[in-house]
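Chemist: Dumping the structure here so I can ask a few things about it.
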Amino acid sequence: MYKHALTGIRVTDFSWVGAGPLTTRFLAECGAEVIKIETHKRPEITRMAPPFKDKEKGIERSGYFSNRNPNKKSISINMNHSRSREVVVPLIEKSDVVINSFSAGQMEKWGLGYEDLKKVKPDIIYIDMPPWGNVGPYIKYKAFGALINSVTGFNYLSGNTDGFPVGTGTNYTDHIPVPTHLAFAIVAALRHRRKTGEGQYIEMPQMQAGIAVTSAVALMDYAANGRIQSRMGCRHPSFAPHGAYKVKGDRKWIAIAVFNNQEWVSLKECMGNPRWAEDQKFATDEGRLANRDELDAQLEKWSSEQDGEELMFDLQKMGVRSGLVYNAKEVIVDIQLQSRGFFVYLDHPEVGITLYTGSPVRMSKTPPGIRKHAPLLGQNTFEVLKNILQLDEVAITELQNEGVLE
Amino acid sequence: MSSLSDIRVLDFGSEMSSYAGKLYADLGADVIHIESPEGDPLRYSGPFYKDKPGRENSLKFLYHNTSKRGIVLDITKQEGKEVFLKLIKTADILIESFPPGYLDELGLSYAYLRKENPRLVHTAITPFGQEGPYCQWKASDLTIMALGGFLYMAGEDDEKPAWAYGEQAYMAGSMYGAVGTIIALYEAERTGEGQFVDVSMQACVATGLENALQYWDLEKTIRRSSSTTEAGYGVYPCKDGYVYIVQMGDNVYLWVPVPKWLREEGVKGSEIISQKEWESTRFRRDAESKRVFREIFESFTMKHDKKFLFEEGQRRGISIAPIFDSKDVYEDPHLNYRQFFKTLFHEVLGGEVCYPGEPYLMEKIPWQIKPAPAFGQHTREILEEIGYSKEQIETLNERGVIYV
């Protein structure tokens, strides 16, 4: 009957760039029909951002955009046209979820705020995701994921001990913390609607979800103990060795983590029980922690002579927690991820066959899946207007001539 | 008003997966955290409340287990299994992070559990997933971050990568696990049929590489951190710490206010960066541009504190923010205006513990936290609910099957 868990759920998606599109991506993986509202007047930022297929710029060529938007439909509407409501409002009437990631007030300007839409679709699930939330002194401020990482305390806590607080090197909160929390809330709201018939409003303050995931325990530590934790490279506050150690080759490291004496003994054995490692000062958890500068230096002197891949397999054979520090290319060819079928290649009319990441979640009965390449801008305008809004060709052509569908 | 209060989750906790159960518990679900008699290892992990180590004092444990009930149960013993199976019949969801095959060896495989309860959603959150060449590998948060490609991103050029704070591989697994589980539950409530949800933390982490996989696939380029790739993007020191600025491609509306600000402040060199060529990303990515910009900009930022740079920069339409430490976040006027931090009184600690607040605000499903369970706090209550008598509970307690 139903192939996917969210088949039959329709999402009108005004969201842009990162956290919003990644949220609706999950829903689309599970069968929801996600309709992106876009415009040729101002294509969304990631369509214009690299990487591009063969480094050639173009709104259909960006991998930044494509990997966030598979399985979705795209319709082109000039929202600033006075007749755009004739398309958008009926579409929302036939939708279950409406999501946007504009700054506060934009949807209201178009008459598409929650209070407006509740009148035409009383059980709508409506999401605003302002970076700072709807109220408070910062609400007018600009933000990107990288700035959310900064104000949550996460950047301060992540980086090399003497280096800048660089964090993860990405807009992390956009990629996992915010979209997973929001997808969870949306499905909880769908469930609530099924039980009660009620829709609801969801406010997703990105800074708060960011804190919940990243800096929460450090903040509790400050509140309880007055301690301001700081970044410490790859070191662990309680255990050593714990780090990324050089192996043969440029920019090649192996991550090794030792949490008890047993694991230390195994690591020593892998190293051939060198004399320095037999020193009693390294024989206990406390001793290794207290002498970690020397321990790390000795360990790295040894590891830097080793072939990383061989070393990883040897360490694993001995039960030592370890893993190579893979770059993107190595992730793509990793045998474990490949055995899960994590990467998917889809054919796209302009760029041909390119790589998409699949779902990290496997489900035995209703598996999530990436089935359709990211849409061309406006690819589904005609189809959506005809099949969902049941407009005839004359009406559609008229909207087109008036510039509503630009 | 409603909540998730009609859902029961059995949660084997652990440092790897406790956060998944927390998402359910804080929205009102009855989440039962099951611990072995040795206790959840997270209980022994610092930092501790008032810096006093102890089974009830781990801040990490308290955070990840808010709003849950707790039971101590040895499922390796036959009588423990019987208790567990009675609980399974009452449950909607099971969340665990045992090494693949562990529950099978105990005779508690999903194939068996689903016979006892066909609508059960069984979610396993593990480093590499249930199958494949690494599925039995030893792992930690750091090694998963490494194998998922995440660690490599956190550094520039030949610099050693840095580990993200807060065990983000475990968190990513927990978050994706929570999402997959609620989707499976939504399906199970419609069809009466549950399913097995298999989460690989390595794969979760690999979804967080921004555009690095596509950089390789489309341009055959390996990228690392974006934080100093461009003049006017990334971390800059100031008088009392650091600020972060973002540029986004050739969007001049983010760039133009920066040189304008420096001109108006009479900063030496501001006329250099006001020239037209600085408006292009390509120009700003040049090593010499980065050096020149840093010198000019820092001569300004080093005279000001992060609060001023944040407020004045934002007023001017610049995408800039302070790099807050924990004290800054805790005292932040915006979060305090929003009453973000919550304080709970803990009887076992004899004091108040401060927690971060709502990750989202839902109109019809209230978010609310209660203290995490003390060791064995609800064992008796839960066993009574599923029909055990006082005498039976005493016997199980004496035999070390449970702890009350």
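The chains in the structure tokens are called A, B, ... from first to last as shown; in each chain the residues are counted from 1, and the ligands are counted from 1 in the order shown.
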Would you kindly return, as a ChimeraX atom specification, each protein, DNA or RNA residue with an atom no farther than 6 Å from any atom of segment 361-377 of chain B, considering only C-alpha atoms and excluding same-chain residues fewer than 4 positions away?

Modeler: /A:200-203 /B:1-3,26-27,62,65-72,403-404

Chemist: Would you save the residues of that selection, restricted to C-alpha atoms, as a tab-separated table (two decimals), in the first residue's frame?

Modeler:
chain	number	residue	atom	x	y	z
A	200	GLN	CA	0.41	23.86	15.28
A	201	TYR	CA	3.10	26.48	15.22
A	202	ILE	CA	6.75	25.51	15.76
A	203	GLU	CA	9.43	28.08	16.60
B	1	MET	CA	-2.91	20.04	25.11
B	2	SER	CA	-1.11	16.82	24.49
B	3	SER	CA	2.39	15.47	24.46
B	26	ASP	CA	11.49	16.18	27.37
B	27	LEU	CA	8.32	16.12	25.25
B	62	LEU	CA	22.21	14.51	34.35
B	65	ASN	CA	18.90	11.73	30.99
B	66	THR	CA	16.52	14.51	32.01
B	67	SER	CA	12.85	13.62	32.38
B	68	LYS	CA	13.50	9.87	32.25
B	69	ARG	CA	12.63	7.22	34.81
B	70	GLY	CA	15.38	4.83	35.79
B	71	ILE	CA	15.56	1.11	36.46
B	72	VAL	CA	18.54	-1.07	37.32
B	403	TYR	CA	18.59	-2.72	42.32
B	404	VAL	CA	15.91	-0.91	44.29

Chemist: Using only C-alpha atoms, determine which residues lie at most 12 Å from Glu264 of chain B, disregarding the query and same-chain residues fewer than 5 positions distant; provide the list as number ranges by chain.

Modeler: B: 257-259, 269-271, 274, 300, 316

Chemist: May I have the selected residues written with C-alpha atoms, as a CSV table (one decimal), in the first residue's frame?

Modeler:
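Written file, out.csv:
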chain,number,residue,atom,x,y,z
B,257,PRO,CA,29.7,47.5,5.0
B,258,VAL,CA,33.0,46.1,6.3
B,259,PRO,CA,35.4,48.6,4.5
B,269,GLY,CA,44.6,51.1,5.2
B,270,SER,CA,40.8,51.2,5.0
B,271,GLU,CA,41.1,52.9,1.6
B,274,SER,CA,37.6,49.8,-0.3
B,300,PHE,CA,40.9,48.0,14.4
B,316,ARG,CA,25.8,48.1,10.2

Chemist: Would you list the contacts of Thr357 of chain A as a PyMOL selection string, taking every protein, DNA or RNA residue within 8 Å and counting only C-alpha atoms, but skipping same-chain residues closer than 2 positions in sequence?

Modeler: (chain A and resi 67+342-344+355+359) or (chain B and resi 207)

Chemist: With only C-alpha atoms as the atoms that count, which of A:Trp16, A:Phe259, A:Tyr326, A:Phe382 lies nearest to chain B?

Modeler: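 That would be A:Tyr326, the residue with the smallest distance to chain B.
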
Chemist: Point out the residue among B:Pro100, B:Gly241, B:Gly80, B:Pro133 with the least atom-to-atom distance to chain A, counting only C-alpha atoms.

Modeler: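 Ranking B:Pro100, B:Gly241, B:Gly80, B:Pro133 by distance to chain A, first place goes to B:Pro133.
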
Chemist: Go through segment 193-301 of chain B and collect every residue that DSSP, computed from the backbone, puts in strand (DSSP E); the answer should be as a list in words.

Modeler: Phe196, Val197, Asp198, Val199, Ser200, Gly234, Val235, Tyr236, Pro237, Cys238, Gly241, Tyr242, Val243, Tyr244 and Ile245 of chain B

Chemist: Out of B:Phe196, B:Tyr244, B:Phe128, B:Phe283, which residue has the shortest atom-to-atom distance to Tyr112 of chain B when counting only C-alpha atoms?

Modeler: B:Phe196

Chemist: Write out as a list in words which residues come within 10 Å of Ala32 of chain A when counting only C-alpha atoms, dropping same-chain ones fewer than 6 positions away.

Modeler: His4, Ala5, Leu6, Thr7, Gly8, Ile9, Arg10, Val11, Thr24, Arg25, Phe26, Asn71, Lys72 and Asp96 of chain A

Chemist: Point out the residue among B:Phe324, B:Phe293, B:Phe341, B:Phe84 with the least atom-to-atom distance to chain A, counting only C-alpha atoms.

Modeler: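 Distance minimum relative to chain A lands on B:Phe324.
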